[in-house]
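Enquirer: Here it is: the structure, laid out below.
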Amino acid sequence: MIEKYNLFLLICGIAFLLGALFPVIFKRTSISLPMLQVSFGLMMGYWWTSLSFLDPLDNGLLIEKLTEIVVLVSLVGAGIKIDTELSWRLWRPTVRLLLITMPIGIFAMAVLGYYAFGLSLGAAILLGAVLAPTDPVLASSIQVGPPNTGGEDTPRFTLTSEAGLNDGLAFPFVYLAIKIAEAFSEGKAFTYEMLWSWFTHDVLWKIGAGVVVGVLVGKILAKVVFSKHTRETTISQGYVVIALTLLAYGLAEYVHSYGFIAVFVAAFAFRRSECEHTYHQKLHDFAEQSEGLLMSLVLVIFGMFLGQGLQAGVELTWRVYIVSFTFLLLIRPIGGFIALSGLNLPHTEKYAISALGIRGIGTLYYLSYALNQGFFADEDALKLWIVCSIVILTSIFIHGLSASRLLKMTPNKQH
C-alpha cells in the first residue's frame, strides 16, 4: 500500500471533488453521495489489480481507529444540530426505538446468524449487535438541519436522536458477545454470575457514567465558551468541536464508561446552553465539513475493499443477500412499527422512521473492535465481515434511493 501512496492520494482527491460538486451535478436526482463514493471506490478496487488486497482481518486495528474518529465527529455534529428540548413527549419515539426496536433487531439477526450462517453463539450475538444501530454518519442526510433553522419535524429529529444514542447503547451487546466468545475460547461455560457482572457493569454503570460525563463536559465547556470573559473574543469553532469530542470521549473511557454516549450527550448539553446563540451554527458547520471529508475517505476505502473482494472471487452465497434484504426491509421496519405503535403520529411518519434505519460506518467500527479482541474464530470473523459489508452496501443504495421520497410523504411540520 505504501508504494501506491501517491496514487491513493489522487483517488482520495477525486472522491473529495465528487463531494464538492455533488450538490450541483446530482441535485435533481435520487443518487446520494455515499452511493457515488462507494461505487467509485468499488470500481477502483476491482480494476486496480496491482494494489495489495485490503484484508479486514489483517487491518482490523486501522479500520477500528479510522472508523472510530468518523463516528465521534458525526456524534458531535448530531448533538449540536438538535433544537428540540429535552421533553418526554418529544423524545418518547426515540426512547421506544432504543428500548424496543434495537433489541428486536439484535435478537432477530442473532437468530439468523446462528441458523443461516452457522455462526457460534458469541459471533451470532455480535452480528446482531453491530447491525442494530442506525448509523449517525450515513444517516446525516436524513437528519435535522443546522441549529436554529427551524423545520425540525418528528421523523428527522427521531432519526437524528436515535442515531446519536444507539451507537453507544449497542456497546453492551457487543461486550456480551465478546464475553461469551472469550468464555468458550477458554473452554468455560457462560454462567449467571458472568451475566450479572455484564448487566451491572457493562449496562448500568457504563451507560449511566457515560451520560453523567457527557452532561458535565457539555455544561462546563459551555460555561467557559459563553462566559462574559469570552463574549468579546472570537473562539475557534474547530478547537471547541475537537475539545468537546476528546474531553468527553477521553474522560468517559478513563472512568470505564461509553465514550460514544458521552460525546453525543456532551454535544447536546452544550447545545442546550445559550441555545439561540449563533455560535452553534459555526460549530455545526465545522463538524459537518469534517464529517464529510472523513466519511468520503472511509467510503472510498470501503468500496475498494468490496471491489477487491469481488476481483479476488470471495464467495457470496444467496443466504447473504436474503438475510440482508430481510433485515433492512422487514426486521427493522417491523421493529420500528412495533415500537411506535400507540403513539399519536401519522402513519406516514411511522413508516418513514421505521424504514430509514441506515446501517454504515458504525457497524464497521463495532465489528473491527470486537474482532480485534482475539476471541472469535477466523471462520466466524470472515463470515461476519462478508455479511456486514453486504448489509451496509445494500443499505447505502436502498436508503439512498428511497430516503427523500419517504421524507416527502411525511407532514412537513415542526413538532
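Order determines the names: the first chain of the C-alpha cells is A, the second B, and so forth; residues in each chain are numbered 1 upward, and ligands are numbered 1 upward as they are shown.
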Do you know which residues are at most 12 Å from Ile386 (chain A) counting only C-alpha atoms, after dropping those on the same chain fewer than 5 positions away, and could you put them as a PyMOL selection string?
Expert: chain A and resi 55-57+113+117+127+305-306+309-310+314-317+319-321+323-324+364+367+379-381+391-393
Enquirer: Limited to C-alpha atoms, could you put the picked residues into a file as a JSON list (two decimals), in the first residue's frame?
Expert:
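Below you can see result06.json, which holds the result:
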[["chain", "number", "residue", "atom", "x", "y", "z"],
["A", 55, "ASP", "CA", -7.93, -7.78, 4.02],
["A", 56, "PRO", "CA", -10.01, -6.56, 7.01],
["A", 57, "LEU", "CA", -8.75, -9.44, 9.14],
["A", 113, "GLY", "CA", -26.65, -15.55, 12.05],
["A", 117, "PHE", "CA", -24.64, -18.90, 8.60],
["A", 127, "LEU", "CA", -23.75, -9.84, 14.25],
["A", 305, "PHE", "CA", -12.29, -3.34, -0.22],
["A", 306, "LEU", "CA", -15.54, -4.58, -1.79],
["A", 309, "GLY", "CA", -13.12, -8.86, -2.74],
["A", 310, "LEU", "CA", -15.15, -9.32, -5.93],
["A", 314, "VAL", "CA", -14.78, -14.00, -2.47],
["A", 315, "GLU", "CA", -17.76, -16.35, -2.30],
["A", 316, "LEU", "CA", -21.15, -14.75, -1.62],
["A", 317, "THR", "CA", -23.98, -17.22, -1.07],
["A", 319, "ARG", "CA", -28.17, -16.53, 2.10],
["A", 320, "VAL", "CA", -26.14, -13.33, 2.46],
["A", 321, "TYR", "CA", -28.43, -11.43, 0.10],
["A", 323, "VAL", "CA", -30.58, -12.03, 5.11],
["A", 324, "SER", "CA", -29.50, -8.51, 4.10],
["A", 364, "LEU", "CA", -17.53, -1.32, 10.71],
["A", 367, "LEU", "CA", -17.11, -5.26, 14.19],
["A", 379, "GLU", "CA", -14.09, -18.58, 10.06],
["A", 380, "ASP", "CA", -16.69, -16.62, 12.06],
["A", 381, "ALA", "CA", -14.79, -13.37, 11.52],
["A", 391, "VAL", "CA", -25.82, -5.21, 4.53],
["A", 392, "ILE", "CA", -24.03, -1.83, 4.55],
["A", 393, "LEU", "CA", -23.74, -1.76, 0.75]]
Enquirer: Sort by chain and increasing residue number a table of all residues of region 156-260 of chain A within 7 Å of region 64-77 of chain A, each with its closest pair of atoms and their distance in Å to one decimal, counting only C-alpha atoms, and write it as JSON lines.
Expert:
{"residue": "A:Gly164", "atom": "CA", "partner": "A:Leu75", "partner_atom": "CA", "distance": 5.6}
{"residue": "A:Thr245", "atom": "CA", "partner": "A:Val76", "partner_atom": "CA", "distance": 6.7}
{"residue": "A:Phe260", "atom": "CA", "partner": "A:Leu72", "partner_atom": "CA", "distance": 6.7}
Enquirer: Please extract the residues of region 173-409 of chain A with a backbone DSSP assignment of helix (DSSP H, G or I) and present them as JSON, numbers by chain.
Expert: {"A": [173, 174, 175, 176, 177, 178, 179, 180, 181, 182, 183, 184, 185, 192, 193, 194, 195, 196, 197, 198, 199, 200, 201, 202, 203, 204, 205, 206, 207, 208, 209, 210, 211, 212, 213, 214, 215, 216, 217, 218, 219, 220, 221, 222, 223, 224, 225, 237, 238, 239, 240, 241, 242, 243, 244, 245, 246, 247, 248, 249, 250, 251, 252, 253, 254, 259, 260, 261, 262, 263, 264, 265, 266, 267, 268, 269, 270, 271, 279, 280, 281, 282, 283, 284, 285, 286, 287, 288, 289, 290, 291, 292, 293, 294, 295, 296, 297, 298, 299, 300, 301, 302, 303, 304, 305, 306, 307, 308, 309, 310, 311, 318, 319, 320, 321, 322, 323, 324, 325, 326, 327, 328, 329, 330, 331, 332, 333, 334, 335, 336, 337, 338, 339, 340, 347, 348, 349, 350, 351, 352, 353, 354, 355, 361, 362, 363, 364, 365, 366, 367, 368, 369, 370, 371, 378, 379, 380, 381, 382, 383, 384, 385, 386, 387, 388, 389, 390, 391, 392, 393, 394, 395, 396, 397, 398, 399, 400, 401, 402, 403, 404, 405, 406, 407, 408]}
Enquirer: Please identify all polymer residues within 8 Å of Ala181 (chain A), counting only C-alpha atoms, omitting same-chain residues fewer than 3 positions from it, and present them as a VMD selection string.
Expert: chain A and resid 121 to 123 177 to 178 184 to 185 375 to 376
Enquirer: Do you know which residues are at most 10 Å from Leu329 (chain A) counting only C-alpha atoms, after dropping those on the same chain fewer than 5 positions away, and could you put them as a list of chain:residue names?
Expert: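 What passes the distance filter is A:Val323, A:Ser324, A:Ile334, A:Ser354, A:Ala355, A:Leu356, A:Gly357, A:Ser395, A:Ile398.
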Enquirer: I'd like the contact shell of Phe157 (chain A) - 8 Å cut-off, only C-alpha atoms, skipping same-chain residues fewer than 4 positions apart - returned as a list in words.
Expert: Ile82, Thr84, Gln143, Val144, Glu152, Asp153 and Ser161 of chain A
Enquirer: Looking at only C-alpha atoms, which of A:Met102, A:Ala370, A:Leu247, A:Leu61 is the one that sits closest to Glu162 (chain A)?
Expert: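 Counting only C-alpha atoms, the residue closest to Glu162 (chain A) is A:Met102.
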Enquirer: Which residue out of A:Ser87, A:Leu17, A:Leu328, A:Val387 has the minimum interatomic distance to Leu126 (chain A) when only C-alpha atoms are used?
Expert: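 Closest to Leu126 (chain A), using only C-alpha atoms: A:Val387.
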Enquirer: Can you tell me, as a count of residues only, what residues are no more than 7 Å from region 91-101 of chain A when counting only C-alpha atoms, ignoring any on the same chain fewer than 5 positions away?
Expert: 8
